[in-house]
Number of protein chains: 2
Amino acid sequence: MEPKLPEAWILSIGNELLIGRTVNTNASWLGKRLTVMGFNVRRIVVVPDDIEEIADEIRRALGRARLIVTTGGLGPTHDDVTLAAVGRALGREMEVNDEALRMLKDHYDRRGLPLTEHRIKMAVMPQGAKILKNSAGSAPGCLLREGETVIVSLPGVPREMEAMFEEVVPLIRQMAPEREAIECASRIRGVPESTLAPLMERLAKERTSSYLKSHPLGFEQGVPVLDVKVLSFGADRQEAEREAREILTQVLKEVETRGGQHFGIHCS
Amino acid sequence: MEPKLPEAWILSIGNELLIGRTVNTNASWLGKRLTVMGFNVRRIVVVPDDIEEIADEIRRALGRARLIVTTGGLGPTHDDVTLAAVGRALGREMEVNDEALRMLKDHYDRRGLPLTEHRIKMAVMPQGAKILKNSAGSAPGCLLREGETVIVSLPGVPREMEAMFEEVVPLIRQMAPEREAIECASRIRGVPESTLAPLMERLAKERTSSYLKSHPLGFEQGVPVLDVKVLSFGADRQEAEREAREILTQVLKEVETRGGQHFGIHCS
């Protein structure tokens, strides 16, 4: 953990995530991107489509995060209440945003469809919203600033969310020190996780810009198998890879001392 | 939403989830199981491996949830601090649990390995813990009662988590009304999501024991394609399916009126 990095919180909105109908791949996609961009991702909170509960979570995040990213709840349906909740949490009036309305009008004009009440709803934004274009769907997103904190609201459809995030990148890049990240891993046989624990503990304390993790994979013919993974950061890729390899080399030396096998270091 | 159902909160513990290295499939698996068991899953919170932050989230959940399920952070390594955090949140002393210690001793005896300090750590539980056996790995889980609330701590490895959850089911079954669930879906062409929004809104208000959701899939040759999904509950499967089909039938009638196409109702 690097406490000096700005905190990012991800709020994933939608009942379908809570009832297990949808796996929250948006949060892991964003977690990875934000981490590499230099943010310290400290919470992912999945909230139901309930305006007051979403507003509560945004208020809570405002006390801690420099960056809050919401996904989901921007569409035309009754349960799309994210922006109303953001407005409520920030104490901002909601208004039909001209730019968002123009985008929606263009979108539906091209398809020969009128701007109904439900379509206009997608242009209702908290005051002060900077509009984010949805190049892969209809509902626009938005970015708001509240004191030191930036709140970004993205759609829930992964394709739309990912496309819109690329628009956000230049707007938040200066908030955090950009880094390169690399993950290196080794598969280990014959040494249990708990045997490596003391060394892993020491390395985690020494190497604060890396994440060490062992993943037990079970037993093959009574012999424990595990992956040790190291995610390291650096100003460039080489620096990150050097750090990760140094850490894993120490782990593999211990594995050899304990009579285990390993299959080298693989980086991606 | 059925406000009468007991609330369940899921706390997913682990930096690897926050940095996007791991997709949180445990939470969606649990969300689905708990929903069908009659719980109202209201939050999934992903928390870093930090004892004070985990304890904070548990304290917060205690104010709302009848059931709190944690996953991850039970292992032998330095960053496995879930049970210490549960103990701190509940104000309970930590102690070496005899039953857990016996399980761990058996586990390592069978593999010809000694009980090291790091392995004994996995037997240190908050006072009053009911031990849950890990049939697919080493770290035991536990169940604690605090007033009206049950707190269940499961491992983070999906295979181990799923196996241990089966042990938990009989212990929490009486907390919620068991239901059968069914999901039915229709693929629709030629009617945009926003055209269906008013009907979907009305149906969602009328049919409170079902979850309706439209998922825009984009455009094929300029024509919008979407899936409408309905998750319904009932005392038995037939009752649930009848409810879901009634709702979807109304949606498909609207689709026909609007000149769209559909491909029937599929239930799973």
# chains A, B, ... in the order shown; residues from 1 in each chain; ligands from 1
$ residues_around --residues "region 78-85 of chain B" --least-positions-apart "2" --cutoff "10 Å" --atoms "only C-alpha atoms" --output "PDB file with N, CA and C atoms, in the first residue's frame"
ATOM      1  N   ALA A 197       4.817 -18.079   4.479  1.00  0.00           N
ATOM      2  CA  ALA A 197       4.189 -16.898   5.084  1.00  0.00           C
ATOM      3  C   ALA A 197       5.180 -15.946   5.763  1.00  0.00           C
ATOM      4  N   PRO A 198       6.127 -16.466   6.570  1.00  0.00           N
ATOM      5  CA  PRO A 198       7.033 -15.505   7.238  1.00  0.00           C
ATOM      6  C   PRO A 198       7.837 -14.665   6.240  1.00  0.00           C
ATOM      7  N   LEU A 199       8.351 -15.302   5.181  1.00  0.00           N
ATOM      8  CA  LEU A 199       9.111 -14.549   4.172  1.00  0.00           C
ATOM      9  C   LEU A 199       8.205 -13.552   3.447  1.00  0.00           C
ATOM     10  N   MET A 200       7.014 -14.006   3.073  1.00  0.00           N
ATOM     11  CA  MET A 200       6.073 -13.120   2.366  1.00  0.00           C
ATOM     12  C   MET A 200       5.764 -11.889   3.221  1.00  0.00           C
ATOM     13  N   GLU A 201       5.596 -12.128   4.500  1.00  0.00           N
ATOM     14  CA  GLU A 201       5.297 -11.041   5.434  1.00  0.00           C
ATOM     15  C   GLU A 201       6.428 -10.014   5.450  1.00  0.00           C
ATOM     16  N   ARG A 202       7.669 -10.532   5.523  1.00  0.00           N
ATOM     17  CA  ARG A 202       8.818  -9.635   5.562  1.00  0.00           C
ATOM     18  C   ARG A 202       8.918  -8.836   4.258  1.00  0.00           C
ATOM     19  N   ALA A 204       6.574  -8.111   2.113  1.00  0.00           N
ATOM     20  CA  ALA A 204       5.483  -7.145   1.969  1.00  0.00           C
ATOM     21  C   ALA A 204       5.777  -5.873   2.752  1.00  0.00           C
ATOM     22  N   LYS A 205       6.443  -6.040   3.901  1.00  0.00           N
ATOM     23  CA  LYS A 205       6.772  -4.859   4.708  1.00  0.00           C
ATOM     24  C   LYS A 205       7.881  -4.047   4.067  1.00  0.00           C
ATOM     25  N   LEU A 212       2.130  -8.422  -2.909  1.00  0.00           N
ATOM     26  CA  LEU A 212       2.470  -9.844  -2.926  1.00  0.00           C
ATOM     27  C   LEU A 212       1.241 -10.640  -2.544  1.00  0.00           C
ATOM     28  N   LYS A 213       1.066 -11.780  -3.194  1.00  0.00           N
ATOM     29  CA  LYS A 213      -0.078 -12.609  -2.833  1.00  0.00           C
ATOM     30  C   LYS A 213       0.230 -14.049  -3.190  1.00  0.00           C
TER      31      LYS A 213
ATOM     32  N   SER B  12     -16.296  -8.382   0.882  1.00  0.00           N
ATOM     33  CA  SER B  12     -15.265  -9.115   0.141  1.00  0.00           C
ATOM     34  C   SER B  12     -13.932  -8.486   0.493  1.00  0.00           C
ATOM     35  N   ILE B  13     -13.047  -9.273   1.068  1.00  0.00           N
ATOM     36  CA  ILE B  13     -11.823  -8.702   1.605  1.00  0.00           C
ATOM     37  C   ILE B  13     -10.628  -9.091   0.748  1.00  0.00           C
ATOM     38  N   GLY B  14      -9.853  -8.087   0.333  1.00  0.00           N
ATOM     39  CA  GLY B  14      -8.633  -8.405  -0.401  1.00  0.00           C
ATOM     40  C   GLY B  14      -8.216  -7.327  -1.382  1.00  0.00           C
ATOM     41  N   ASN B  15      -6.963  -6.911  -1.254  1.00  0.00           N
ATOM     42  CA  ASN B  15      -6.410  -5.927  -2.186  1.00  0.00           C
ATOM     43  C   ASN B  15      -6.521  -6.381  -3.634  1.00  0.00           C
ATOM     44  N   PRO B  48      -9.925  -3.331   1.578  1.00  0.00           N
ATOM     45  CA  PRO B  48      -8.528  -3.784   1.551  1.00  0.00           C
ATOM     46  C   PRO B  48      -8.170  -4.637   2.780  1.00  0.00           C
ATOM     47  N   ASP B  49      -7.036  -5.275   2.698  1.00  0.00           N
ATOM     48  CA  ASP B  49      -6.548  -6.114   3.803  1.00  0.00           C
ATOM     49  C   ASP B  49      -6.020  -5.230   4.924  1.00  0.00           C
ATOM     50  N   ASP B  50      -6.904  -4.529   5.574  1.00  0.00           N
ATOM     51  CA  ASP B  50      -6.515  -3.565   6.600  1.00  0.00           C
ATOM     52  C   ASP B  50      -7.479  -3.744   7.766  1.00  0.00           C
ATOM     53  N   ILE B  51      -6.924  -4.107   8.909  1.00  0.00           N
ATOM     54  CA  ILE B  51      -7.767  -4.525  10.034  1.00  0.00           C
ATOM     55  C   ILE B  51      -8.768  -3.438  10.438  1.00  0.00           C
ATOM     56  N   GLU B  52      -8.341  -2.201  10.477  1.00  0.00           N
ATOM     57  CA  GLU B  52      -9.235  -1.139  10.950  1.00  0.00           C
ATOM     58  C   GLU B  52     -10.332  -0.847   9.913  1.00  0.00           C
ATOM     59  N   GLU B  53      -9.976  -0.894   8.635  1.00  0.00           N
ATOM     60  CA  GLU B  53     -10.983  -0.636   7.592  1.00  0.00           C
ATOM     61  C   GLU B  53     -12.013  -1.766   7.535  1.00  0.00           C
ATOM     62  N   ILE B  54     -11.558  -2.995   7.723  1.00  0.00           N
ATOM     63  CA  ILE B  54     -12.508  -4.112   7.733  1.00  0.00           C
ATOM     64  C   ILE B  54     -13.431  -3.992   8.951  1.00  0.00           C
ATOM     65  N   ALA B  55     -12.835  -3.695  10.107  1.00  0.00           N
ATOM     66  CA  ALA B  55     -13.645  -3.552  11.324  1.00  0.00           C
ATOM     67  C   ALA B  55     -14.691  -2.444  11.155  1.00  0.00           C
ATOM     68  N   ASP B  56     -14.297  -1.328  10.549  1.00  0.00           N
ATOM     69  CA  ASP B  56     -15.243  -0.231  10.287  1.00  0.00           C
ATOM     70  C   ASP B  56     -16.432  -0.710   9.459  1.00  0.00           C
ATOM     71  N   GLU B  57     -16.131  -1.468   8.412  1.00  0.00           N
ATOM     72  CA  GLU B  57     -17.213  -1.926   7.525  1.00  0.00           C
ATOM     73  C   GLU B  57     -18.113  -2.931   8.237  1.00  0.00           C
ATOM     74  N   ILE B  58     -17.539  -3.737   9.096  1.00  0.00           N
ATOM     75  CA  ILE B  58     -18.368  -4.686   9.846  1.00  0.00           C
ATOM     76  C   ILE B  58     -19.275  -3.935  10.822  1.00  0.00           C
ATOM     77  N   ARG B  59     -18.722  -2.935  11.499  1.00  0.00           N
ATOM     78  CA  ARG B  59     -19.548  -2.127  12.421  1.00  0.00           C
ATOM     79  C   ARG B  59     -20.708  -1.481  11.656  1.00  0.00           C
ATOM     80  N   THR B  70     -18.485 -12.534   5.169  1.00  0.00           N
ATOM     81  CA  THR B  70     -17.198 -12.053   4.691  1.00  0.00           C
ATOM     82  C   THR B  70     -16.528 -13.166   3.886  1.00  0.00           C
ATOM     83  N   THR B  71     -15.781 -12.781   2.860  1.00  0.00           N
ATOM     84  CA  THR B  71     -14.950 -13.757   2.151  1.00  0.00           C
ATOM     85  C   THR B  71     -13.522 -13.229   2.112  1.00  0.00           C
ATOM     86  N   GLY B  72     -12.585 -14.148   2.276  1.00  0.00           N
ATOM     87  CA  GLY B  72     -11.165 -13.803   2.162  1.00  0.00           C
ATOM     88  C   GLY B  72     -10.530 -13.429   3.485  1.00  0.00           C
ATOM     89  N   GLY B  73      -9.201 -13.477   3.488  1.00  0.00           N
ATOM     90  CA  GLY B  73      -8.446 -13.013   4.656  1.00  0.00           C
ATOM     91  C   GLY B  73      -8.394 -13.972   5.830  1.00  0.00           C
ATOM     92  N   LEU B  74      -8.560 -15.278   5.567  1.00  0.00           N
ATOM     93  CA  LEU B  74      -8.510 -16.264   6.660  1.00  0.00           C
ATOM     94  C   LEU B  74      -7.199 -17.040   6.693  1.00  0.00           C
ATOM     95  N   GLY B  75      -6.342 -16.842   5.727  1.00  0.00           N
ATOM     96  CA  GLY B  75      -5.159 -17.683   5.562  1.00  0.00           C
ATOM     97  C   GLY B  75      -4.036 -17.387   6.549  1.00  0.00           C
ATOM     98  N   PRO B  76      -2.856 -17.963   6.276  1.00  0.00           N
ATOM     99  CA  PRO B  76      -1.747 -17.851   7.220  1.00  0.00           C
ATOM    100  C   PRO B  76      -0.884 -16.616   7.019  1.00  0.00           C
ATOM    101  N   GLY B  87     -13.310  -9.684  15.339  1.00  0.00           N
ATOM    102  CA  GLY B  87     -13.179  -9.618  16.795  1.00  0.00           C
ATOM    103  C   GLY B  87     -13.173  -8.187  17.297  1.00  0.00           C
ATOM    104  N   ARG B  88     -12.444  -7.337  16.592  1.00  0.00           N
ATOM    105  CA  ARG B  88     -12.365  -5.934  17.006  1.00  0.00           C
ATOM    106  C   ARG B  88     -13.723  -5.249  16.888  1.00  0.00           C
ATOM    107  N   ALA B  89     -14.427  -5.513  15.785  1.00  0.00           N
ATOM    108  CA  ALA B  89     -15.736  -4.874  15.566  1.00  0.00           C
ATOM    109  C   ALA B  89     -16.746  -5.320  16.628  1.00  0.00           C
ATOM    110  N   LEU B  90     -16.647  -6.576  17.048  1.00  0.00           N
ATOM    111  CA  LEU B  90     -17.605  -7.103  18.023  1.00  0.00           C
ATOM    112  C   LEU B  90     -17.121  -6.892  19.460  1.00  0.00           C
ATOM    113  N   GLY B  91     -15.906  -6.388  19.612  1.00  0.00           N
ATOM    114  CA  GLY B  91     -15.346  -6.222  20.947  1.00  0.00           C
ATOM    115  C   GLY B  91     -15.131  -7.548  21.649  1.00  0.00           C
ATOM    116  N   ARG B  92     -14.706  -8.555  20.893  1.00  0.00           N
ATOM    117  CA  ARG B  92     -14.460  -9.871  21.499  1.00  0.00           C
ATOM    118  C   ARG B  92     -12.970 -10.172  21.540  1.00  0.00           C
ATOM    119  N   GLU B  93     -12.573 -10.834  22.592  1.00  0.00           N
ATOM    120  CA  GLU B  93     -11.200 -11.304  22.709  1.00  0.00           C
ATOM    121  C   GLU B  93     -10.919 -12.346  21.640  1.00  0.00           C
ATOM    122  N   MET B  94      -9.676 -12.408  21.204  1.00  0.00           N
ATOM    123  CA  MET B  94      -9.253 -13.452  20.282  1.00  0.00           C
ATOM    124  C   MET B  94      -8.617 -14.581  21.099  1.00  0.00           C
ATOM    125  N   HIS B 118       2.569 -19.572  11.988  1.00  0.00           N
ATOM    126  CA  HIS B 118       1.647 -19.054  10.969  1.00  0.00           C
ATOM    127  C   HIS B 118       0.445 -19.969  10.767  1.00  0.00           C
ATOM    128  N   LYS B 121      -1.938 -19.463  13.724  1.00  0.00           N
ATOM    129  CA  LYS B 121      -2.678 -18.201  13.541  1.00  0.00           C
ATOM    130  C   LYS B 121      -4.074 -18.441  12.952  1.00  0.00           C
ATOM    131  N   MET B 122      -4.194 -19.435  12.077  1.00  0.00           N
ATOM    132  CA  MET B 122      -5.491 -19.690  11.428  1.00  0.00           C
ATOM    133  C   MET B 122      -6.518 -20.265  12.404  1.00  0.00           C
ATOM    134  N   ALA B 123      -6.082 -20.660  13.606  1.00  0.00           N
ATOM    135  CA  ALA B 123      -7.013 -21.159  14.630  1.00  0.00           C
ATOM    136  C   ALA B 123      -7.386 -20.074  15.634  1.00  0.00           C
ATOM    137  N   VAL B 124      -6.840 -18.891  15.458  1.00  0.00           N
ATOM    138  CA  VAL B 124      -7.144 -17.800  16.400  1.00  0.00           C
ATOM    139  C   VAL B 124      -8.454 -17.148  15.960  1.00  0.00           C
ATOM    140  N   MET B 125      -9.463 -17.283  16.830  1.00  0.00           N
ATOM    141  CA  MET B 125     -10.837 -16.884  16.475  1.00  0.00           C
ATOM    142  C   MET B 125     -11.388 -15.940  17.549  1.00  0.00           C
ATOM    143  N   PRO B 126     -12.357 -15.116  17.183  1.00  0.00           N
ATOM    144  CA  PRO B 126     -13.047 -14.335  18.219  1.00  0.00           C
ATOM    145  C   PRO B 126     -13.776 -15.282  19.188  1.00  0.00           C
ATOM    146  N   GLY B 141     -13.270 -21.576   8.693  1.00  0.00           N
ATOM    147  CA  GLY B 141     -14.064 -20.361   8.774  1.00  0.00           C
ATOM    148  C   GLY B 141     -14.769 -20.311  10.110  1.00  0.00           C
ATOM    149  N   CYS B 142     -15.641 -19.336  10.308  1.00  0.00           N
ATOM    150  CA  CYS B 142     -16.412 -19.329  11.544  1.00  0.00           C
ATOM    151  C   CYS B 142     -17.711 -18.559  11.409  1.00  0.00           C
ATOM    152  N   SER B 153     -17.775 -15.985   8.299  1.00  0.00           N
ATOM    153  CA  SER B 153     -16.502 -15.677   7.635  1.00  0.00           C
ATOM    154  C   SER B 153     -16.024 -16.888   6.851  1.00  0.00           C
ATOM    155  N   LEU B 154     -15.923 -16.698   5.540  1.00  0.00           N
ATOM    156  CA  LEU B 154     -15.568 -17.779   4.616  1.00  0.00           C
ATOM    157  C   LEU B 154     -14.234 -17.460   3.943  1.00  0.00           C
ATOM    158  N   PRO B 155     -13.549 -18.506   3.437  1.00  0.00           N
ATOM    159  CA  PRO B 155     -12.276 -18.249   2.742  1.00  0.00           C
ATOM    160  C   PRO B 155     -12.501 -17.529   1.412  1.00  0.00           C
TER     161      PRO B 155
END
$ select_by_dssp --residues "region 49-120 of chain A" --states "alpha helix (DSSP H)" --output "JSON, numbers by chain"
{"A": [51, 52, 53, 54, 55, 56, 57, 58, 59, 60, 61, 62, 82, 83, 84, 85, 86, 87, 88, 89, 90, 98, 99, 100, 101, 102, 103, 104, 105, 106, 107, 108, 109, 117, 118, 119, 120]}
$ write_last_selection --atoms "C-alpha atoms" --output "mmCIF file, in the first residue's frame"
data_model
loop_
_atom_site.group_PDB
_atom_site.id
_atom_site.type_symbol
_atom_site.label_atom_id
_atom_site.label_comp_id
_atom_site.auth_asym_id
_atom_site.auth_seq_id
_atom_site.Cartn_x
_atom_site.Cartn_y
_atom_site.Cartn_z
ATOM 1 C CA ILE A 51 -31.719 6.969 -4.655
ATOM 2 C CA GLU A 52 -31.259 7.451 -0.920
ATOM 3 C CA GLU A 53 -28.879 4.512 -0.521
ATOM 4 C CA ILE A 54 -26.761 5.662 -3.450
ATOM 5 C CA ALA A 55 -26.679 9.211 -2.080
ATOM 6 C CA ASP A 56 -25.587 7.860 1.327
ATOM 7 C CA GLU A 57 -22.706 5.977 -0.233
ATOM 8 C CA ILE A 58 -21.607 9.001 -2.244
ATOM 9 C CA ARG A 59 -21.646 11.172 0.889
ATOM 10 C CA ARG A 60 -19.542 8.568 2.666
ATOM 11 C CA ALA A 61 -17.064 8.376 -0.216
ATOM 12 C CA LEU A 62 -16.782 12.182 -0.365
ATOM 13 C CA THR A 82 -27.639 7.450 -10.154
ATOM 14 C CA LEU A 83 -27.462 11.075 -11.283
ATOM 15 C CA ALA A 84 -30.383 12.106 -9.095
ATOM 16 C CA ALA A 85 -28.527 10.502 -6.190
ATOM 17 C CA VAL A 86 -25.284 12.307 -7.048
ATOM 18 C CA GLY A 87 -27.219 15.579 -7.174
ATOM 19 C CA ARG A 88 -28.795 14.871 -3.818
ATOM 20 C CA ALA A 89 -25.469 13.968 -2.190
ATOM 21 C CA LEU A 90 -23.847 17.160 -3.494
ATOM 22 C CA ASP A 98 -28.335 21.399 -23.096
ATOM 23 C CA GLU A 99 -25.278 19.545 -24.326
ATOM 24 C CA ALA A 100 -26.587 16.188 -23.114
ATOM 25 C CA LEU A 101 -29.971 16.914 -24.668
ATOM 26 C CA ARG A 102 -28.333 17.747 -27.993
ATOM 27 C CA MET A 103 -26.405 14.455 -27.901
ATOM 28 C CA LEU A 104 -29.573 12.505 -27.181
ATOM 29 C CA LYS A 105 -31.505 14.348 -29.886
ATOM 30 C CA ASP A 106 -28.769 13.529 -32.425
ATOM 31 C CA HIS A 107 -28.706 9.926 -31.262
ATOM 32 C CA TYR A 108 -32.463 9.430 -31.668
ATOM 33 C CA ASP A 109 -32.796 11.625 -34.778
ATOM 34 C CA GLU A 117 -40.009 11.983 -21.615
ATOM 35 C CA HIS A 118 -37.933 8.912 -20.739
ATOM 36 C CA ARG A 119 -35.243 9.872 -23.244
ATOM 37 C CA ILE A 120 -35.099 13.466 -21.994
#
$ select_by_dssp --residues "region 52-266 of chain B" --states "strand (DSSP E or B)" --output "VMD selection string"
chain B and resid 67 to 71 94 to 96 124 to 126 130 to 132 141 to 146 149 to 154 180 to 189 210 to 220 223 to 234 261 to 262 266
$ write_last_selection --atoms "C-alpha atoms" --output "PDB file, in the first residue's frame"
ATOM      1  CA  LEU B  67     -26.592 -11.612   7.942  1.00  0.00           C
ATOM      2  CA  ILE B  68     -23.035 -10.512   7.172  1.00  0.00           C
ATOM      3  CA  VAL B  69     -20.898 -12.778   5.020  1.00  0.00           C
ATOM      4  CA  THR B  70     -17.198 -12.053   4.691  1.00  0.00           C
ATOM      5  CA  THR B  71     -14.950 -13.757   2.151  1.00  0.00           C
ATOM      6  CA  MET B  94      -9.253 -13.452  20.282  1.00  0.00           C
ATOM      7  CA  GLU B  95      -8.324 -16.941  21.414  1.00  0.00           C
ATOM      8  CA  VAL B  96      -6.843 -20.109  19.994  1.00  0.00           C
ATOM      9  CA  VAL B 124      -7.144 -17.800  16.400  1.00  0.00           C
ATOM     10  CA  MET B 125     -10.837 -16.884  16.475  1.00  0.00           C
ATOM     11  CA  PRO B 126     -13.047 -14.335  18.219  1.00  0.00           C
ATOM     12  CA  LYS B 130     -18.667 -21.673  15.825  1.00  0.00           C
ATOM     13  CA  ILE B 131     -16.040 -23.290  13.618  1.00  0.00           C
ATOM     14  CA  LEU B 132     -16.756 -24.077   9.971  1.00  0.00           C
ATOM     15  CA  GLY B 141     -14.064 -20.361   8.774  1.00  0.00           C
ATOM     16  CA  CYS B 142     -16.412 -19.329  11.544  1.00  0.00           C
ATOM     17  CA  LEU B 143     -19.902 -18.173  12.405  1.00  0.00           C
ATOM     18  CA  LEU B 144     -20.632 -15.654  15.157  1.00  0.00           C
ATOM     19  CA  ARG B 145     -23.857 -14.328  16.601  1.00  0.00           C
ATOM     20  CA  GLU B 146     -24.155 -10.756  17.810  1.00  0.00           C
ATOM     21  CA  THR B 149     -27.130 -10.622  13.484  1.00  0.00           C
ATOM     22  CA  VAL B 150     -25.150 -13.594  12.212  1.00  0.00           C
ATOM     23  CA  ILE B 151     -21.625 -13.033  10.887  1.00  0.00           C
ATOM     24  CA  VAL B 152     -20.163 -15.755   8.699  1.00  0.00           C
ATOM     25  CA  SER B 153     -16.502 -15.677   7.635  1.00  0.00           C
ATOM     26  CA  LEU B 154     -15.568 -17.779   4.616  1.00  0.00           C
ATOM     27  CA  GLU B 180     -37.581 -20.687  -5.602  1.00  0.00           C
ATOM     28  CA  ALA B 181     -36.257 -18.346  -8.244  1.00  0.00           C
ATOM     29  CA  ILE B 182     -36.451 -18.418 -11.986  1.00  0.00           C
ATOM     30  CA  GLU B 183     -35.113 -16.102 -14.638  1.00  0.00           C
ATOM     31  CA  CYS B 184     -36.953 -15.680 -17.926  1.00  0.00           C
ATOM     32  CA  ALA B 185     -35.687 -13.565 -20.795  1.00  0.00           C
ATOM     33  CA  SER B 186     -36.701 -12.325 -24.230  1.00  0.00           C
ATOM     34  CA  ARG B 187     -34.563 -10.883 -26.997  1.00  0.00           C
ATOM     35  CA  ILE B 188     -36.207  -7.929 -28.684  1.00  0.00           C
ATOM     36  CA  ARG B 189     -35.370  -6.201 -31.988  1.00  0.00           C
ATOM     37  CA  SER B 210     -39.753  -9.669  -9.398  1.00  0.00           C
ATOM     38  CA  TYR B 211     -36.697  -7.896 -10.758  1.00  0.00           C
ATOM     39  CA  LEU B 212     -37.178  -6.475 -14.246  1.00  0.00           C
ATOM     40  CA  LYS B 213     -34.222  -5.298 -16.250  1.00  0.00           C
ATOM     41  CA  SER B 214     -33.589  -4.318 -19.841  1.00  0.00           C
ATOM     42  CA  HIS B 215     -30.103  -4.785 -21.255  1.00  0.00           C
ATOM     43  CA  PRO B 216     -29.371  -2.861 -24.459  1.00  0.00           C
ATOM     44  CA  LEU B 217     -27.092  -4.963 -26.659  1.00  0.00           C
ATOM     45  CA  GLY B 218     -26.424  -2.308 -29.296  1.00  0.00           C
ATOM     46  CA  PHE B 219     -27.606  -2.052 -32.867  1.00  0.00           C
ATOM     47  CA  GLU B 220     -27.789  -4.565 -35.715  1.00  0.00           C
ATOM     48  CA  VAL B 223     -31.986  -1.597 -35.372  1.00  0.00           C
ATOM     49  CA  PRO B 224     -31.766  -1.664 -31.557  1.00  0.00           C
ATOM     50  CA  VAL B 225     -31.470  -5.071 -29.914  1.00  0.00           C
ATOM     51  CA  LEU B 226     -32.097  -5.649 -26.236  1.00  0.00           C
ATOM     52  CA  ASP B 227     -32.728  -8.394 -23.753  1.00  0.00           C
ATOM     53  CA  VAL B 228     -35.484  -8.020 -21.218  1.00  0.00           C
ATOM     54  CA  LYS B 229     -34.918 -10.226 -18.187  1.00  0.00           C
ATOM     55  CA  VAL B 230     -37.270 -10.972 -15.363  1.00  0.00           C
ATOM     56  CA  LEU B 231     -36.187 -12.706 -12.176  1.00  0.00           C
ATOM     57  CA  SER B 232     -39.183 -13.917 -10.218  1.00  0.00           C
ATOM     58  CA  PHE B 233     -39.623 -15.687  -6.915  1.00  0.00           C
ATOM     59  CA  GLY B 234     -42.299 -18.002  -5.663  1.00  0.00           C
ATOM     60  CA  GLN B 261     -39.777  -8.399 -33.180  1.00  0.00           C
ATOM     61  CA  HIS B 262     -39.132 -10.859 -30.400  1.00  0.00           C
ATOM     62  CA  HIS B 266     -36.853 -18.514 -22.470  1.00  0.00           C
TER      63      HIS B 266
END
$ interface_residues --of "chain A" --to "chain B" --cutoff "7 Å" --atoms "only C-alpha atoms" --output "MDAnalysis selection string"
chainID A and resid 17:25 28:29 31:32 35 41:48 76:78 118:119 137 194 197 201 218
$ write_last_selection --atoms "C-alpha atoms" --output "mmCIF file, in the first residue's frame"
data_model
loop_
_atom_site.group_PDB
_atom_site.id
_atom_site.type_symbol
_atom_site.label_atom_id
_atom_site.label_comp_id
_atom_site.auth_asym_id
_atom_site.auth_seq_id
_atom_site.Cartn_x
_atom_site.Cartn_y
_atom_site.Cartn_z
ATOM 1 C CA LEU A 17 -25.080 -7.104 -9.213
ATOM 2 C CA LEU A 18 -26.472 -7.732 -5.727
ATOM 3 C CA ILE A 19 -28.669 -10.659 -6.718
ATOM 4 C CA GLY A 20 -25.784 -12.254 -8.585
ATOM 5 C CA ARG A 21 -27.290 -11.996 -12.028
ATOM 6 C CA THR A 22 -24.302 -9.997 -13.255
ATOM 7 C CA VAL A 23 -20.651 -10.427 -12.263
ATOM 8 C CA ASN A 24 -19.052 -7.064 -11.501
ATOM 9 C CA THR A 25 -16.410 -7.057 -14.218
ATOM 10 C CA SER A 28 -12.236 -5.025 -11.699
ATOM 11 C CA TRP A 29 -11.632 -3.355 -15.058
ATOM 12 C CA GLY A 31 -9.718 -1.124 -10.404
ATOM 13 C CA LYS A 32 -6.905 -2.199 -12.679
ATOM 14 C CA THR A 35 -4.345 1.455 -9.976
ATOM 15 C CA VAL A 41 -8.414 2.003 -4.973
ATOM 16 C CA ARG A 42 -9.785 1.617 -1.438
ATOM 17 C CA ARG A 43 -13.410 0.561 -1.860
ATOM 18 C CA ILE A 44 -15.748 -1.024 -4.321
ATOM 19 C CA VAL A 45 -19.305 -0.666 -3.046
ATOM 20 C CA VAL A 46 -22.248 -2.288 -4.804
ATOM 21 C CA VAL A 47 -25.480 -0.432 -4.060
ATOM 22 C CA PRO A 48 -29.089 -1.143 -5.042
ATOM 23 C CA PRO A 76 -34.033 5.762 -19.312
ATOM 24 C CA THR A 77 -35.791 3.336 -16.986
ATOM 25 C CA HIS A 78 -37.487 3.889 -13.634
ATOM 26 C CA HIS A 118 -37.933 8.912 -20.739
ATOM 27 C CA ARG A 119 -35.243 9.872 -23.244
ATOM 28 C CA GLY A 137 -24.790 3.767 -26.505
ATOM 29 C CA SER A 194 1.997 -21.283 5.446
ATOM 30 C CA ALA A 197 4.189 -16.898 5.084
ATOM 31 C CA GLU A 201 5.297 -11.041 5.434
ATOM 32 C CA GLY A 218 -4.921 -27.278 -3.910
#
